[in-house]
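Below is one structure, written out as structure tokens, with a few remarks after it.
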Amino acid sequence: MRFEPTEIARLYGRSRVGVVVHRDLNAVYVNDAYAKMLGRKDVKDFMAEPDLRQYIPPSFHYEASKLVAKFQDSTGFHGWKKVYNIRTDGTPVWMEISDETVEWGDDNAVLTTAQLIDNGTTAMQVDHMLGRSFIGVMVHRDMTALYVNDAFARLMGADNASAFMEKPDILRFIPEADRDRAIKHVADILHGAREGERHRVRDILDDGSTVWRDLTDERILWHDGRPAILTTAHDVREEVEMNEALMRTKAGLEEAVTEVIRMVPSAVAMLDVHQNVTNFNREFARLFGEEQQNKDDDPVFDISILCNLYASMIKGGHGHANVDSVETPSGSHADIRMNLMEDGRVMVSALDISSHKRKEQHLDALASTDPLTGALNRRGFESAVSRLREIRLLKGKVWQFGLVVLDLDYFKYVNDTYGHSVGDRVLEKIAITLRQALRDDDLVVRLGGEEFAVLLPSATTAVTKRIAERLANMIRAIEIPVGASGSEMVTITASFGVTVGGELRGQFVELEQALLVADRAMYDAKEAGRDTIRFLTFDDDIDN
């Protein structure tokens, strides 16, 4: 059919039906009705930009170009269809159109007539857009389906959309416990009280099986002029089943970890990313738990030690940390090991070494003290003096000491006359007397047999002599009861050698040198008749 522009204008110029003649999607003629349908003021405004692609949604450009090319190469009427276009202000417009191939000038063109669809969304429109979609689509109102596509029907257990619509009630799929909430949710969207959002629901199908769906709801205007809800649905059963399987696996692993932690004899715990205790065994609760008034209450932990160790580990950029012999809140001592896991949690183990520490202390005491008197032995004395000297030097103070060596007079006579048990009691009493008479940092040592020594840190010559005199008087006052009645008393005296050591007048006298000098002075006291005190210095001893 051949048309001239004047003939088209005469037939359709004032028509309420929109008319556009186009070739390759470029308008060669348009009437006012069509121009205004697409948001233009008039024909002149429309023809200023005659490209029809601007009104076609981008996703349909290829299809529209292909269809127009097909029509231009054919003849006759090509039928009616419903489409939507985009006006110049961006709003959609639904139109019912027909296409016909006409002769225009020297070539073919397509004559399109269009009428607006003003009564809202129709099932045909929805089906045109989403009928073949793999995404389930349903339009519903008051829990009754108005439209479903095949994908939604199959998701809900029906063979197709027609079979589903034989029973359009959708409330039956919702578990009874969730129905009131679902009805309110749908009513709020329908009345514009809330926006639809993506959410996950569990439905029960007619055969009793369960289906999980991710839904989005949107309020639309249906073709009867009333609002309805357009719901899109994705089948997420596999995702939910996989997640449940993972959760079961995780729960099983956590139970296994908890059981392993419980059975481990050392203290073991798991800390989360915020350093909160999530798993622990009884030994960990004993070492780090605070005392509870009610034993049935959940334990409260003091893990400040662990938090400090964690901070140090992270600051150093390491994934593990160790610290030995730390005092825990329980008062016990423990070696602690910490390891950072890939998910940010922290595994902590702590071994209570209190008994080992007590054994070490006991062994150290046995190795450094005299078992009879409790005084230091020669080894313990030298070690203690070395520590005292280091402390003084660290404090920037001069290392100087007074030294008193004493040997009990006629001690062999006591043993021979009263027996060794009485002799032992005398030695014990001597050690007690010396310790009671001295300061805490003064040292008492049994050099061997009946010979003792006393070291006085920081003591001057005068102070050392004065203390030696006081010790001599205290020893003279000792009385040890003997015999069955205990009325007879054993007394004892001692000969004293006194000296000073350390840093003295530009020279340094070591402990071993001072012991030799004091021992020489003590023998001088013996030769002088016993029960007396003699003082020598290092220089005096060398001269002698």
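In the structure tokens, each chain is lettered A, B, ... as it comes, each chain's residues begin at 1, and ligands are numbered from 1 in order of appearance.
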- Query: Neighbours of Val300 of chain A within 12 Å (only C-alpha atoms; same-chain residues fewer than 3 positions away dropped), as a list in words?
  - Reply: Asn276, Val277, Thr278, Phe280, Phe284, Ala285, Arg286, Leu287, Phe288, Gly289, Glu290, Glu291, Gln292, Gln293, Asn294, Lys295, Asp296, Asp297, Ile303 and Pro329 of chain A
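Within segment 258-347 of chain A, residues classed as alpha helix (DSSP H) by DSSP on backbone coordinates are Thr258, Glu259, Val260, Ile261, Arg262, Met263, Arg282, Glu283, Phe284, Ala285, Arg286, Leu287, Phe288, Ser304, Ile305, Leu306, Cys307, Asn308, Leu309, Tyr310, Ala311, Ser312, Met313, Ile314 and Lys315 of chain A.
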List every residue of segment 286-374 of chain A that has an atom at most 12 Å from any atom of segment 439-462 of chain A, and for each one report the closest atom pair and its distance in Å to one decimal, counting only C-alpha atoms, with rows sorted by chain and then by increasing residue number, as CSV.
```
residue,atom,partner,partner_atom,distance
A:Ser368,CA,A:Val445,CA,9.9
A:Thr369,CA,A:Val445,CA,8.2
A:Asp370,CA,A:Arg446,CA,6.9
A:Pro371,CA,A:Arg446,CA,10.3
A:Leu372,CA,A:Arg446,CA,9.8
A:Thr373,CA,A:Arg446,CA,8.0
A:Gly374,CA,A:Arg446,CA,8.9
```
Please produce a file of the residues just selected, as an mmCIF file, in the first residue's frame, where the atoms kept are all heavy atoms.
```cif
data_model
loop_
_atom_site.group_PDB
_atom_site.id
_atom_site.type_symbol
_atom_site.label_atom_id
_atom_site.label_comp_id
_atom_site.auth_asym_id
_atom_site.auth_seq_id
_atom_site.Cartn_x
_atom_site.Cartn_y
_atom_site.Cartn_z
ATOM 1 N N SER A 368 71.279 -25.456 98.833
ATOM 2 C CA SER A 368 71.889 -24.206 99.285
ATOM 3 C C SER A 368 71.802 -23.987 100.791
ATOM 4 O O SER A 368 72.314 -22.983 101.288
ATOM 5 C CB SER A 368 71.233 -23.018 98.570
ATOM 6 O OG SER A 368 69.846 -22.968 98.861
ATOM 7 N N THR A 369 71.140 -24.892 101.524
ATOM 8 C CA THR A 369 71.014 -24.693 102.975
ATOM 9 C C THR A 369 71.507 -25.916 103.730
ATOM 10 O O THR A 369 71.554 -27.031 103.204
ATOM 11 C CB THR A 369 69.542 -24.423 103.379
ATOM 12 O OG1 THR A 369 68.727 -25.530 102.965
ATOM 13 C CG2 THR A 369 69.030 -23.150 102.739
ATOM 14 N N ASP A 370 71.860 -25.691 104.969
ATOM 15 C CA ASP A 370 72.299 -26.758 105.858
ATOM 16 C C ASP A 370 71.060 -27.439 106.425
ATOM 17 O O ASP A 370 70.207 -26.776 107.034
ATOM 18 C CB ASP A 370 73.142 -26.164 106.992
ATOM 19 C CG ASP A 370 73.483 -27.194 108.047
ATOM 20 O OD1 ASP A 370 73.977 -28.259 107.670
ATOM 21 O OD2 ASP A 370 73.199 -26.925 109.226
ATOM 22 N N PRO A 371 70.892 -28.757 106.238
ATOM 23 C CA PRO A 371 69.665 -29.435 106.656
ATOM 24 C C PRO A 371 69.436 -29.421 108.166
ATOM 25 O O PRO A 371 68.293 -29.449 108.610
ATOM 26 C CB PRO A 371 69.840 -30.864 106.134
ATOM 27 C CG PRO A 371 71.310 -31.034 105.941
ATOM 28 C CD PRO A 371 71.829 -29.683 105.574
ATOM 29 N N LEU A 372 70.482 -29.351 108.987
ATOM 30 C CA LEU A 372 70.308 -29.375 110.435
ATOM 31 C C LEU A 372 69.871 -28.027 110.973
ATOM 32 O O LEU A 372 68.905 -27.935 111.730
ATOM 33 C CB LEU A 372 71.617 -29.807 111.111
ATOM 34 C CG LEU A 372 71.603 -29.750 112.645
ATOM 35 C CD1 LEU A 372 70.591 -30.726 113.211
ATOM 36 C CD2 LEU A 372 73.013 -30.050 113.204
ATOM 37 N N THR A 373 70.550 -26.965 110.581
ATOM 38 C CA THR A 373 70.314 -25.654 111.188
ATOM 39 C C THR A 373 69.419 -24.746 110.351
ATOM 40 O O THR A 373 68.896 -23.742 110.857
ATOM 41 C CB THR A 373 71.646 -24.931 111.407
ATOM 42 O OG1 THR A 373 72.264 -24.702 110.130
ATOM 43 C CG2 THR A 373 72.576 -25.771 112.274
ATOM 44 N N GLY A 374 69.244 -25.068 109.070
ATOM 45 C CA GLY A 374 68.473 -24.183 108.194
ATOM 46 C C GLY A 374 69.249 -22.983 107.729
ATOM 47 O O GLY A 374 68.749 -22.167 106.945
#
```
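Atom pair atom CA of Val385 of chain A / atom CA of Arg435 of chain A has a distance of 16.3 Å (rounded to one decimal).
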- Message: Set the distance at 12 Å and use only C-alpha atoms: which residues neighbour Phe164 of chain A once local chain neighbours fewer than 4 positions away are removed? I'd like the list as a PyMOL selection string.
- Response: chain A and resi 138+144-160+168-170+205-206
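Residues in contact range of Val201 of chain A, defined as at most 12 Å between only C-alpha atoms, with sequence neighbours fewer than 2 positions away removed, read A:Phe173, A:Ile174, A:Pro175, A:Asp178, A:Arg179, A:Arg181, A:Ala182, A:Arg198, A:His199, A:Asp203, A:Ile204, A:Thr210, A:Val211, A:Trp212, A:Arg213, A:Asp214, A:Leu215, A:Thr216, A:Ala233, A:His234, A:Asp235, A:Val236, A:Arg237, A:Val240.
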Could you write out the selected residues, including C-alpha atoms, as a CSV table (one decimal), in the first residue's frame?
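Result file again-v5.csv:
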```csv
chain,number,residue,atom,x,y,z
A,173,PHE,CA,1.5,-22.8,51.8
A,174,ILE,CA,2.5,-20.7,54.9
A,175,PRO,CA,3.1,-22.6,58.2
A,178,ASP,CA,3.8,-17.7,60.6
A,179,ARG,CA,0.4,-16.9,59.0
A,181,ARG,CA,2.9,-12.3,60.6
A,182,ALA,CA,2.6,-13.0,56.8
A,198,ARG,CA,14.1,-9.2,50.1
A,199,HIS,CA,13.4,-11.9,52.7
A,203,ASP,CA,6.6,-22.8,52.7
A,204,ILE,CA,4.9,-26.1,53.0
A,210,THR,CA,9.3,-27.9,52.3
A,211,VAL,CA,10.5,-25.2,49.9
A,212,TRP,CA,12.7,-22.2,50.8
A,213,ARG,CA,12.3,-19.1,48.7
A,214,ASP,CA,13.9,-15.7,48.6
A,215,LEU,CA,11.2,-13.2,47.9
A,216,THR,CA,10.9,-9.5,46.9
A,233,ALA,CA,10.7,-15.7,44.0
A,234,HIS,CA,14.0,-17.5,43.9
A,235,ASP,CA,14.4,-21.2,44.8
A,236,VAL,CA,17.0,-21.4,47.5
A,237,ARG,CA,16.4,-24.9,48.8
A,240,VAL,CA,19.5,-23.7,52.7
```
- Pick from A:Tyr410, A:Lys465, A:Gly317, A:Val500, whichever lies nearest to Asp531 of chain A using only C-alpha atoms: A:Tyr410
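Going from atom CA of Ile56 of chain A to atom CA of Asn85 of chain A covers 5.2 Å.
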